[in-house]
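Novice: Okay, handing you the structure first.
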Amino acid sequence: MASEIQTRVLRKITWRIVPFIMLLYFVAFIDRVNIGFASLTMNKDIGLSPAVYGFGAGIFFWGYFLFEVPSNIILHKIGARIWIARVMITWGLVSAAMAFVQGPTGFYVLRFLLGVAEAGFFPGIILYLSYWFPARQRAAVTALFMAAAPLSTVLGSPISGALLEMDGLLGFKGWQWLFVLEALPAVLLGFVVLGFLTDRPEKAKWLADDERRWLIETMNAETTSKAATASHSIWRGLADPRVLALALIYFGTSAGLYTLGVWAPQIIKQFGLSSLQVGFLNALPATAAVVAMILWARHSDRTGERTWHVVWACLIAAAGLAYAGLATGVVAVLVALALVNIGISSAKPPLWSMPTLFLSGPAAAAGIATINSIGNLGGFVGPAMIGWIKDQTGSFNGGLYFVAGLLVLSAVLTLLLSRAQTAPVEPVPQSH
């Protein structure tokens with residue numbers, strides 16, 4: 001009986017929640033990295049050097065860093081429905097405003113404000129999933145949600161490439177059309193969130209009474225079972241050394257992910273291709289990543305193993321970046337970028353299943369946001385270093401090797417964290 005209702009409830013909440021949050025992340029990720037395609041023509045139009053562009057593209061994550069933790073704590077208190085709607089509407093408006101940027105200063109300011117506007121979305125959804133899905137199923141569900149990132153590259157790259165071809169229509173540049181048209185879905189979906197998203201299982205009128213009761217009891221039992229060792233208070237979540245370790249691990253994966261988003265179109269473009277051709281070719285590596293990350297996360301859930309699933313994925317991504325630095329043709333570059341996409345995407349679901357194993361309540365809200373905010377600073381360091389090194393050397397190679405090194409460091413830290421976790425620990429005194 002328990003197995004039957006479990007299957008029924010998990011299927012129902014998966015179909016209700018996961019496709020919708022995938023759509024939200026799909027739109028979020030396009031608005032976050034469409035700068036990579038805009039740069040193909042925008043940089044020359046408004047006078048951005050590689051160093052200025054890399055720094056400005058990455059400064060998004062400083063806004064993220066400063067506002068991530070407070071944003072997630074607010075979400076935990078007032079509910080995902082209102083807060084996620086607020087996030088989406090404001091980031092859509094800021095993203096559209098990018099169409100009117102006129103130079104480096106405006107570029108820096110709007111990229112920073114976009115980070116402020118979007119702060120809290122990703123960790124908020126990770127926290128939201130922990131309200132609905134038992135820990136054993138969470139990596140696979142997280143993988144489905146996170147598959148929206150490479151999917152946005154698969155579908156968004158050709159669209160972005162095509163929008164650049166609208167250059168001159170009604171007197172606007174192609175990159176201006178790109179920013180405005182790709183921002184509209186975020187604003188519209190923000191209003192849809194208000195009517196569709198359900199904050200907690202207790203409010204899920206779309207579940208039958210017995211289904212809702214089973215889910216509430218299951219999630220409460222899981223929370224109770226980790227009460228002896230879990231951190232609950234906000235300050236516990238912020239100060240837990242495991243949180244800081246996971247943040248440093250995530251730093252390397254973020255550097256890799258946003259190196260792809262910000263620079264991959266230019267890396268492909270250097271072989272003399274049109275914007276539309278770049279759009280279609282950039283979609284190919286991400287297509288492989290969607291399949292790989294879902295299969296990898298299912299294997300992680302089935303075996304219950306997290307550490308090596310993160311380690312091997314980081315090493316594959318590092319190898320891909322190193323190979324991209326050596327590649328001399330379009331096909332070789334696409335193979336290298338496929339390895340990077342597969343590794344980066346596959347590392348994230350098992351990595352994000354770790355924090356809620358030892359955090360709950362406000363501590364989970366603060367801890368997850370801390371991991372994401374510190375870790376996402378890699379999204380500043382990776383693109384900025386590639387831009388600076390390209391300015392100095394005229395080549396992408398040095399920057400690609402630098403980011404590969406960060407991913408090797410993430411793999412090593414994951415192993416060290418696993419070893420520390422297996423050592424005997426004293427129970428954590430509870431804070432109320």
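Ordering of the structure tokens sets the chain letters (A, B, ...), residue numbers begin anew at 1 in every chain, and ligands are numbered from 1 in the order given.
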With a distance cut-off of 9 Å and only C-alpha atoms, select the neighbouring residues of Asp199 of chain A, excluding the residue or stretch itself and same-chain residues fewer than 4 positions from it, and output the selection as a ChimeraX atom specification.
Specialist: /A:78-82,128,131,203-204
Novice: Go ahead and write the selection's residues with all heavy atoms as an mmCIF file, in the first residue's frame.
Specialist:
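Done, and the output landed in selection-v9.cif:
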data_model
loop_
_atom_site.group_PDB
_atom_site.id
_atom_site.type_symbol
_atom_site.label_atom_id
_atom_site.label_comp_id
_atom_site.auth_asym_id
_atom_site.auth_seq_id
_atom_site.Cartn_x
_atom_site.Cartn_y
_atom_site.Cartn_z
ATOM 1 N N ILE A 78 8.157 33.775 3.361
ATOM 2 C CA ILE A 78 6.896 34.233 2.753
ATOM 3 C C ILE A 78 6.362 33.284 1.686
ATOM 4 O O ILE A 78 5.239 33.450 1.227
ATOM 5 C CB ILE A 78 7.029 35.652 2.159
ATOM 6 C CG1 ILE A 78 7.882 35.634 0.881
ATOM 7 C CG2 ILE A 78 7.601 36.615 3.169
ATOM 8 C CD1 ILE A 78 7.875 36.954 0.141
ATOM 9 N N GLY A 79 7.184 32.297 1.287
ATOM 10 C CA GLY A 79 6.717 31.311 0.317
ATOM 11 C C GLY A 79 7.276 31.537 -1.075
ATOM 12 O O GLY A 79 7.572 32.665 -1.478
ATOM 13 N N ALA A 80 7.401 30.437 -1.810
ATOM 14 C CA ALA A 80 8.016 30.477 -3.140
ATOM 15 C C ALA A 80 7.139 31.205 -4.157
ATOM 16 O O ALA A 80 7.651 31.872 -5.060
ATOM 17 C CB ALA A 80 8.295 29.048 -3.615
ATOM 18 N N ARG A 81 5.832 31.087 -4.020
ATOM 19 C CA ARG A 81 4.927 31.625 -5.039
ATOM 20 C C ARG A 81 5.144 33.128 -5.244
ATOM 21 O O ARG A 81 5.393 33.587 -6.362
ATOM 22 C CB ARG A 81 3.477 31.343 -4.636
ATOM 23 C CG ARG A 81 2.437 31.734 -5.664
ATOM 24 C CD ARG A 81 1.045 31.374 -5.170
ATOM 25 N NE ARG A 81 0.669 32.160 -4.003
ATOM 26 C CZ ARG A 81 0.093 33.355 -4.063
ATOM 27 N NH1 ARG A 81 -0.184 33.909 -5.241
ATOM 28 N NH2 ARG A 81 -0.221 34.011 -2.963
ATOM 29 N N ILE A 82 5.074 33.891 -4.178
ATOM 30 C CA ILE A 82 5.213 35.344 -4.282
ATOM 31 C C ILE A 82 6.648 35.732 -4.637
ATOM 32 O O ILE A 82 6.885 36.591 -5.490
ATOM 33 C CB ILE A 82 4.777 36.019 -2.966
ATOM 34 C CG1 ILE A 82 3.265 35.855 -2.779
ATOM 35 C CG2 ILE A 82 5.178 37.490 -2.936
ATOM 36 C CD1 ILE A 82 2.745 36.359 -1.450
ATOM 37 N N TYR A 128 12.920 24.720 -2.531
ATOM 38 C CA TYR A 128 11.525 24.372 -2.790
ATOM 39 C C TYR A 128 11.367 22.878 -3.042
ATOM 40 O O TYR A 128 10.445 22.239 -2.529
ATOM 41 C CB TYR A 128 11.036 25.184 -3.988
ATOM 42 C CG TYR A 128 9.586 24.986 -4.358
ATOM 43 C CD1 TYR A 128 8.569 25.462 -3.536
ATOM 44 C CD2 TYR A 128 9.235 24.341 -5.539
ATOM 45 C CE1 TYR A 128 7.233 25.291 -3.886
ATOM 46 C CE2 TYR A 128 7.911 24.166 -5.901
ATOM 47 C CZ TYR A 128 6.916 24.651 -5.065
ATOM 48 O OH TYR A 128 5.598 24.474 -5.413
ATOM 49 N N TYR A 131 11.082 20.667 -0.046
ATOM 50 C CA TYR A 131 9.793 20.645 0.650
ATOM 51 C C TYR A 131 8.898 19.530 0.112
ATOM 52 O O TYR A 131 7.973 19.081 0.790
ATOM 53 C CB TYR A 131 9.037 21.969 0.461
ATOM 54 C CG TYR A 131 9.708 23.212 0.970
ATOM 55 C CD1 TYR A 131 9.383 24.457 0.426
ATOM 56 C CD2 TYR A 131 10.660 23.171 1.992
ATOM 57 C CE1 TYR A 131 9.977 25.627 0.884
ATOM 58 C CE2 TYR A 131 11.260 24.342 2.449
ATOM 59 C CZ TYR A 131 10.919 25.554 1.887
ATOM 60 O OH TYR A 131 11.505 26.707 2.334
ATOM 61 N N LYS A 203 -0.742 22.895 1.335
ATOM 62 C CA LYS A 203 -1.648 23.739 0.549
ATOM 63 C C LYS A 203 -2.007 23.124 -0.808
ATOM 64 O O LYS A 203 -2.664 23.757 -1.630
ATOM 65 C CB LYS A 203 -1.015 25.114 0.323
ATOM 66 C CG LYS A 203 -0.768 25.902 1.609
ATOM 67 C CD LYS A 203 -0.153 27.262 1.286
ATOM 68 C CE LYS A 203 0.082 28.077 2.555
ATOM 69 N NZ LYS A 203 0.680 29.403 2.252
ATOM 70 N N ALA A 204 -1.561 21.888 -1.036
ATOM 71 C CA ALA A 204 -1.727 21.257 -2.354
ATOM 72 C C ALA A 204 -3.132 20.685 -2.521
ATOM 73 O O ALA A 204 -3.378 19.496 -2.295
ATOM 74 C CB ALA A 204 -0.679 20.173 -2.551
#
Novice: Might you pull out every residue within 9 Å of segment 55-69 of chain A, with only C-alpha atoms counted and same-chain residues fewer than 2 positions away left off, and present them as a PyMOL selection string?
Specialist: chain A and resi 32-33+35-36+50-53+71-74+104-105+107-121+123+258+262+365-370+372-385+387-388
Novice: Can I get the selected residues back with N, CA and C atoms, as a compact mmCIF listing (two decimals), in the first residue's frame?
Specialist:
# COMPACT_ATOMS: atom_id res chain seq x y z
N ARG A 32 20.36 34.91 -18.70
CA ARG A 32 21.64 35.04 -17.99
C ARG A 32 22.82 34.98 -18.96
N VAL A 33 22.73 34.13 -19.97
CA VAL A 33 23.90 33.90 -20.84
C VAL A 33 23.70 34.35 -22.29
N ILE A 35 24.06 37.03 -23.30
CA ILE A 35 25.14 38.00 -23.50
C ILE A 35 26.23 37.41 -24.40
N GLY A 36 26.39 36.05 -24.35
CA GLY A 36 27.40 35.39 -25.17
C GLY A 36 27.13 35.58 -26.66
N PRO A 50 37.84 42.54 -24.98
CA PRO A 50 37.63 41.23 -24.33
C PRO A 50 37.68 41.30 -22.81
N ALA A 51 38.61 42.09 -22.25
CA ALA A 51 38.73 42.18 -20.79
C ALA A 51 37.51 42.86 -20.17
N VAL A 52 37.06 43.96 -20.81
CA VAL A 52 35.87 44.67 -20.30
C VAL A 52 34.63 43.78 -20.41
N TYR A 53 34.49 43.10 -21.55
CA TYR A 53 33.35 42.20 -21.73
C TYR A 53 33.36 41.06 -20.71
N SER A 71 17.72 36.77 0.03
CA SER A 71 16.61 36.41 -0.85
C SER A 71 16.04 35.04 -0.50
N ASN A 72 16.92 34.06 -0.24
CA ASN A 72 16.43 32.72 0.06
C ASN A 72 15.76 32.64 1.42
N ILE A 73 16.24 33.42 2.38
CA ILE A 73 15.62 33.45 3.71
C ILE A 73 14.21 34.06 3.60
N ILE A 74 14.08 35.10 2.77
CA ILE A 74 12.76 35.70 2.54
C ILE A 74 11.83 34.68 1.90
N PRO A 104 30.75 50.75 -21.60
CA PRO A 104 31.19 49.89 -20.51
C PRO A 104 30.50 50.14 -19.18
N THR A 105 30.31 51.42 -18.80
CA THR A 105 29.72 51.71 -17.48
C THR A 105 28.29 51.19 -17.39
N PHE A 107 26.98 48.90 -19.17
CA PHE A 107 27.08 47.43 -19.25
C PHE A 107 27.34 46.84 -17.87
N TYR A 108 28.31 47.41 -17.15
CA TYR A 108 28.61 46.93 -15.79
C TYR A 108 27.41 47.06 -14.86
N VAL A 109 26.77 48.24 -14.90
CA VAL A 109 25.65 48.51 -13.98
C VAL A 109 24.49 47.55 -14.22
N LEU A 110 24.10 47.36 -15.47
CA LEU A 110 22.95 46.51 -15.76
C LEU A 110 23.25 45.04 -15.50
N ARG A 111 24.46 44.58 -15.77
CA ARG A 111 24.81 43.18 -15.45
C ARG A 111 24.78 42.95 -13.94
N PHE A 112 25.25 43.94 -13.17
CA PHE A 112 25.18 43.83 -11.71
C PHE A 112 23.73 43.79 -11.25
N LEU A 113 22.89 44.68 -11.78
CA LEU A 113 21.48 44.73 -11.38
C LEU A 113 20.74 43.46 -11.79
N LEU A 114 21.13 42.85 -12.91
CA LEU A 114 20.51 41.58 -13.31
C LEU A 114 20.81 40.51 -12.27
N GLY A 115 22.03 40.49 -11.74
CA GLY A 115 22.38 39.55 -10.67
C GLY A 115 21.57 39.80 -9.41
N VAL A 116 21.38 41.07 -9.06
CA VAL A 116 20.56 41.41 -7.88
C VAL A 116 19.13 40.93 -8.08
N ALA A 117 18.58 41.18 -9.28
CA ALA A 117 17.18 40.82 -9.56
C ALA A 117 16.98 39.32 -9.51
N GLU A 118 17.94 38.55 -10.04
CA GLU A 118 17.76 37.11 -10.14
C GLU A 118 18.21 36.36 -8.88
N ALA A 119 18.91 37.05 -7.98
CA ALA A 119 19.40 36.40 -6.76
C ALA A 119 18.26 35.69 -6.04
N GLY A 120 18.48 34.46 -5.70
CA GLY A 120 17.47 33.70 -4.97
C GLY A 120 16.68 32.74 -5.83
N PHE A 121 16.71 32.89 -7.16
CA PHE A 121 15.89 32.00 -7.98
C PHE A 121 16.38 30.55 -7.90
N PRO A 123 18.76 28.88 -5.92
CA PRO A 123 18.73 28.22 -4.61
C PRO A 123 17.33 28.14 -4.04
N TYR A 258 29.87 29.04 -16.82
CA TYR A 258 29.70 30.37 -17.40
C TYR A 258 30.81 30.74 -18.37
N VAL A 262 29.34 32.40 -21.65
CA VAL A 262 29.82 33.73 -22.02
C VAL A 262 30.77 33.69 -23.22
N ALA A 365 17.80 26.99 3.99
CA ALA A 365 17.62 28.18 3.15
C ALA A 365 18.92 28.98 3.08
N ALA A 366 19.52 29.22 4.25
CA ALA A 366 20.76 30.00 4.29
C ALA A 366 21.93 29.23 3.70
N GLY A 367 22.03 27.93 4.03
CA GLY A 367 23.15 27.13 3.57
C GLY A 367 23.17 26.96 2.06
N ILE A 368 22.02 26.64 1.48
CA ILE A 368 21.93 26.46 0.02
C ILE A 368 22.26 27.77 -0.69
N ALA A 369 21.73 28.87 -0.16
CA ALA A 369 22.01 30.17 -0.77
C ALA A 369 23.48 30.54 -0.64
N THR A 370 24.11 30.17 0.50
CA THR A 370 25.53 30.45 0.69
C THR A 370 26.37 29.68 -0.33
N ASN A 372 25.43 28.59 -3.22
CA ASN A 372 25.18 29.12 -4.56
C ASN A 372 25.82 30.48 -4.76
N SER A 373 25.76 31.35 -3.73
CA SER A 373 26.28 32.71 -3.90
C SER A 373 27.80 32.72 -3.96
N ILE A 374 28.46 32.00 -3.03
CA ILE A 374 29.93 31.94 -3.07
C ILE A 374 30.38 31.15 -4.30
N GLY A 375 29.72 30.01 -4.53
CA GLY A 375 30.10 29.17 -5.66
C GLY A 375 29.95 29.88 -6.99
N ASN A 376 28.90 30.68 -7.11
CA ASN A 376 28.66 31.36 -8.38
C ASN A 376 29.66 32.47 -8.67
N LEU A 377 30.46 32.86 -7.67
CA LEU A 377 31.52 33.82 -7.95
C LEU A 377 32.51 33.22 -8.96
N GLY A 378 32.50 31.89 -9.08
CA GLY A 378 33.27 31.26 -10.14
C GLY A 378 32.80 31.72 -11.50
N GLY A 379 31.50 32.07 -11.59
CA GLY A 379 30.94 32.60 -12.83
C GLY A 379 31.48 33.98 -13.17
N PHE A 380 32.03 34.66 -12.15
CA PHE A 380 32.74 35.92 -12.40
C PHE A 380 34.19 35.66 -12.75
N VAL A 381 34.85 34.82 -11.94
CA VAL A 381 36.29 34.60 -12.10
C VAL A 381 36.63 33.94 -13.44
N GLY A 382 35.87 32.88 -13.82
CA GLY A 382 36.16 32.18 -15.06
C GLY A 382 36.10 33.08 -16.29
N PRO A 383 34.93 33.68 -16.59
CA PRO A 383 34.83 34.56 -17.76
C PRO A 383 35.77 35.76 -17.71
N ALA A 384 35.94 36.37 -16.51
CA ALA A 384 36.81 37.55 -16.40
C ALA A 384 38.26 37.19 -16.70
N MET A 385 38.74 36.05 -16.17
CA MET A 385 40.11 35.65 -16.41
C MET A 385 40.35 35.31 -17.88
N GLY A 387 38.78 36.64 -20.44
CA GLY A 387 38.84 37.91 -21.14
C GLY A 387 40.17 38.63 -20.93
N TRP A 388 40.64 38.64 -19.68
CA TRP A 388 41.90 39.32 -19.36
C TRP A 388 43.08 38.63 -20.05
Novice: Among segment 184-329 of chain A, which residues carry a DSSP assignment of alpha helix (DSSP H), reported as a PyMOL selection string?
Specialist: chain A and resi 184-196+209-225+234-239+241-269+275-303+307-326
Novice: Taking C-alpha atoms for each residue, export the selection above as a compact mmCIF listing (two decimals), in the first residue's frame.
Specialist:
# COMPACT_ATOMS: atom_id res chain seq x y z
CA LEU A 184 9.44 39.07 -22.37
CA PRO A 185 8.81 35.42 -21.31
CA ALA A 186 10.36 36.07 -17.87
CA VAL A 187 7.92 38.91 -17.14
CA LEU A 188 4.89 36.98 -18.42
CA LEU A 189 5.81 33.80 -16.51
CA GLY A 190 6.27 35.82 -13.33
CA PHE A 191 2.52 36.48 -13.34
CA VAL A 192 1.78 32.82 -14.17
CA VAL A 193 3.80 31.77 -11.08
CA LEU A 194 1.38 33.67 -8.83
CA GLY A 195 -1.51 31.48 -9.97
CA PHE A 196 0.21 28.14 -10.47
CA ASP A 209 -6.50 13.81 0.97
CA ASP A 210 -4.64 10.52 1.44
CA GLU A 211 -1.89 11.62 -0.98
CA ARG A 212 -1.41 14.92 0.79
CA ARG A 213 -1.36 13.19 4.20
CA TRP A 214 1.24 10.64 3.02
CA LEU A 215 3.50 13.37 1.61
CA ILE A 216 3.29 15.56 4.72
CA GLU A 217 4.00 12.61 7.02
CA THR A 218 6.91 11.42 4.83
CA MET A 219 8.59 14.81 4.68
CA ASN A 220 8.04 15.44 8.41
CA ALA A 221 9.52 12.02 9.24
CA GLU A 222 12.57 12.80 7.13
CA THR A 223 13.06 16.11 8.91
CA THR A 224 12.70 14.41 12.30
CA SER A 225 15.14 11.63 11.41
CA ILE A 234 20.32 30.34 9.99
CA TRP A 235 23.73 30.87 11.60
CA ARG A 236 24.39 27.12 11.69
CA GLY A 237 23.67 26.96 7.99
CA LEU A 238 26.04 29.85 7.27
CA ALA A 239 28.89 28.62 9.49
CA PRO A 241 32.23 23.95 7.30
CA ARG A 242 30.55 21.47 4.95
CA VAL A 243 28.61 24.38 3.45
CA LEU A 244 31.83 26.30 2.82
CA ALA A 245 33.46 23.20 1.30
CA LEU A 246 30.52 22.66 -1.07
CA ALA A 247 30.65 26.37 -2.01
CA LEU A 248 34.30 26.01 -3.06
CA ILE A 249 33.49 22.86 -5.05
CA TYR A 250 30.61 24.66 -6.75
CA PHE A 251 32.97 27.59 -7.51
CA GLY A 252 34.89 25.46 -10.02
CA THR A 253 31.77 24.08 -11.70
CA SER A 254 30.33 27.61 -12.02
CA ALA A 255 33.55 28.88 -13.59
CA GLY A 256 33.21 26.10 -16.18
CA LEU A 257 29.49 26.62 -16.81
CA TYR A 258 29.70 30.37 -17.40
CA THR A 259 32.88 30.08 -19.42
CA LEU A 260 30.66 28.13 -21.82
CA GLY A 261 27.75 30.57 -21.64
CA VAL A 262 29.82 33.73 -22.02
CA TRP A 263 32.64 32.63 -24.34
CA ALA A 264 31.63 29.48 -26.29
CA PRO A 265 29.92 31.46 -29.11
CA GLN A 266 33.10 33.51 -29.63
CA ILE A 267 35.31 30.41 -29.45
CA ILE A 268 33.24 28.82 -32.25
CA LYS A 269 32.92 32.10 -34.19
CA SER A 275 26.03 34.09 -36.23
CA LEU A 276 23.30 31.69 -37.36
CA GLN A 277 25.84 28.89 -37.92
CA VAL A 278 27.33 29.55 -34.49
CA GLY A 279 23.84 29.29 -33.02
CA PHE A 280 23.21 25.82 -34.42
CA LEU A 281 26.70 24.47 -33.68
CA ASN A 282 26.66 25.78 -30.10
CA ALA A 283 23.50 23.71 -29.52
CA LEU A 284 25.20 20.38 -30.28
CA PRO A 285 27.42 19.99 -27.16
CA ALA A 286 24.53 20.98 -24.89
CA THR A 287 22.30 18.32 -26.49
CA ALA A 288 24.73 15.62 -25.34
CA ALA A 289 24.82 17.20 -21.87
CA VAL A 290 21.03 16.95 -21.37
CA VAL A 291 21.05 13.19 -21.90
CA ALA A 292 24.23 12.60 -19.90
CA MET A 293 23.21 14.57 -16.81
CA ILE A 294 19.85 12.79 -16.46
CA LEU A 295 21.40 9.33 -16.83
CA TRP A 296 24.25 10.25 -14.44
CA ALA A 297 21.85 11.58 -11.78
CA ARG A 298 19.64 8.48 -12.00
CA HIS A 299 22.72 6.32 -11.52
CA SER A 300 23.70 8.44 -8.51
CA ASP A 301 20.23 8.00 -6.98
CA ARG A 302 20.12 4.28 -7.73
CA THR A 303 23.52 3.63 -6.11
CA THR A 307 31.13 11.82 -4.18
CA TRP A 308 32.57 9.97 -7.18
CA HIS A 309 29.68 11.12 -9.37
CA VAL A 310 30.85 14.70 -8.71
CA VAL A 311 34.58 13.90 -8.97
CA TRP A 312 34.50 12.13 -12.34
CA ALA A 313 32.18 14.73 -13.84
CA CYS A 314 34.53 17.58 -12.80
CA LEU A 315 37.54 15.76 -14.25
CA ILE A 316 35.74 15.14 -17.58
CA ALA A 317 34.90 18.86 -17.79
CA ALA A 318 38.52 19.81 -16.98
CA ALA A 319 39.78 17.48 -19.72
CA GLY A 320 37.36 19.07 -22.19
CA LEU A 321 38.58 22.59 -21.39
CA ALA A 322 42.20 21.53 -21.77
CA TYR A 323 41.38 19.90 -25.11
CA ALA A 324 39.52 23.04 -26.25
CA GLY A 325 42.75 24.96 -25.74
CA LEU A 326 44.59 22.53 -28.05
Novice: Fewer than 4 positions away in the same chain doesn't count, so skip those; otherwise give me all residues within 7 Å of Ser95 of chain A, counting only C-alpha atoms, as number ranges by chain.
Specialist: A: 31, 91, 114, 179, 183
Novice: Kindly export the residues of the current selection with all heavy atoms, as an mmCIF file, in the first residue's frame.
Specialist:
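again-v3.cif, freshly written:
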data_model
loop_
_atom_site.group_PDB
_atom_site.id
_atom_site.type_symbol
_atom_site.label_atom_id
_atom_site.label_comp_id
_atom_site.auth_asym_id
_atom_site.auth_seq_id
_atom_site.Cartn_x
_atom_site.Cartn_y
_atom_site.Cartn_z
ATOM 1 N N ASP A 31 18.267 34.341 -20.332
ATOM 2 C CA ASP A 31 18.504 35.744 -20.008
ATOM 3 C C ASP A 31 19.858 35.960 -19.341
ATOM 4 O O ASP A 31 20.431 37.045 -19.410
ATOM 5 C CB ASP A 31 17.396 36.267 -19.087
ATOM 6 C CG ASP A 31 16.102 36.524 -19.846
ATOM 7 O OD1 ASP A 31 16.156 36.572 -21.089
ATOM 8 O OD2 ASP A 31 15.048 36.652 -19.202
ATOM 9 N N TRP A 91 13.820 40.490 -13.007
ATOM 10 C CA TRP A 91 14.968 40.183 -13.874
ATOM 11 C C TRP A 91 14.583 40.330 -15.346
ATOM 12 O O TRP A 91 15.414 40.712 -16.172
ATOM 13 C CB TRP A 91 15.586 38.844 -13.544
ATOM 14 C CG TRP A 91 15.300 37.673 -14.457
ATOM 15 C CD1 TRP A 91 15.429 37.617 -15.823
ATOM 16 C CD2 TRP A 91 14.863 36.385 -14.059
ATOM 17 N NE1 TRP A 91 15.087 36.367 -16.285
ATOM 18 C CE2 TRP A 91 14.739 35.595 -15.222
ATOM 19 C CE3 TRP A 91 14.575 35.796 -12.823
ATOM 20 C CZ2 TRP A 91 14.331 34.263 -15.187
ATOM 21 C CZ3 TRP A 91 14.178 34.478 -12.789
ATOM 22 C CH2 TRP A 91 14.055 33.732 -13.956
ATOM 23 N N LEU A 114 21.134 42.847 -12.906
ATOM 24 C CA LEU A 114 20.508 41.582 -13.310
ATOM 25 C C LEU A 114 20.806 40.505 -12.269
ATOM 26 O O LEU A 114 19.934 39.703 -11.932
ATOM 27 C CB LEU A 114 21.024 41.151 -14.689
ATOM 28 C CG LEU A 114 20.318 39.955 -15.331
ATOM 29 C CD1 LEU A 114 18.851 40.268 -15.613
ATOM 30 C CD2 LEU A 114 21.025 39.529 -16.616
ATOM 31 N N PHE A 179 17.853 41.003 -26.752
ATOM 32 C CA PHE A 179 17.602 41.257 -25.329
ATOM 33 C C PHE A 179 16.121 41.478 -25.031
ATOM 34 O O PHE A 179 15.579 40.932 -24.064
ATOM 35 C CB PHE A 179 18.415 42.475 -24.853
ATOM 36 C CG PHE A 179 19.860 42.195 -24.587
ATOM 37 C CD1 PHE A 179 20.855 42.941 -25.196
ATOM 38 C CD2 PHE A 179 20.242 41.165 -23.735
ATOM 39 C CE1 PHE A 179 22.193 42.690 -24.951
ATOM 40 C CE2 PHE A 179 21.573 40.896 -23.484
ATOM 41 C CZ PHE A 179 22.563 41.667 -24.099
ATOM 42 N N ALA A 183 13.574 38.667 -23.108
ATOM 43 C CA ALA A 183 13.201 39.058 -21.740
ATOM 44 C C ALA A 183 11.698 38.948 -21.490
ATOM 45 O O ALA A 183 11.257 38.747 -20.351
ATOM 46 C CB ALA A 183 13.661 40.495 -21.466
#
Novice: Which neighbours of Ala96 of chain A fall inside 7 Å, counting only C-alpha atoms, when residues of the same chain fewer than 2 positions from it are skipped, and could you give them as a list in words?
Specialist: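 Once the adjacent positions are removed, what remains is Gly92, Leu93, Val94, Met98, Ala99, Phe179, Val180 and Ala183 of chain A.
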Novice: With C-alpha atoms retained, export the selected residues as a tab-separated table (two decimals), in the first residue's frame.
Specialist:
chain	number	residue	atom	x	y	z
A	92	GLY	CA	12.90	40.28	-17.08
A	93	LEU	CA	12.67	44.07	-16.89
A	94	VAL	CA	16.41	44.47	-16.24
A	98	MET	CA	20.23	45.67	-21.64
A	99	ALA	CA	19.03	46.55	-25.16
A	179	PHE	CA	17.60	41.26	-25.33
A	180	VAL	CA	14.03	42.59	-25.59
A	183	ALA	CA	13.20	39.06	-21.74
Novice: Pick from A:Trp132, A:Phe100, A:Trp83, A:Phe396: nearest to Gln270 of chain A, with only C-alpha atoms counted?
Specialist: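 Of all the options, A:Phe396 lies closest to Gln270 of chain A.
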Novice: Mind giving me the straight-line distance from atom CA of Arg16 of chain A to atom CA of Leu144 of chain A in Å, one decimal?
Specialist: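 Interatomic distance, atom CA of Arg16 of chain A to atom CA of Leu144 of chain A: 13.1 Å.
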Novice: Counting only C-alpha atoms, which residue out of A:Pro19, A:Ser49, A:Ser345, A:Gln137 sits closest to Gly394 of chain A?
Specialist: A:Ser49
Novice: Give the answer as one residue: which of A:Ile30, A:Gly103, A:Ala208, A:Ser410 has the shortest atom-to-atom distance to Leu155 of chain A, using only C-alpha atoms?
Specialist: A:Ile30
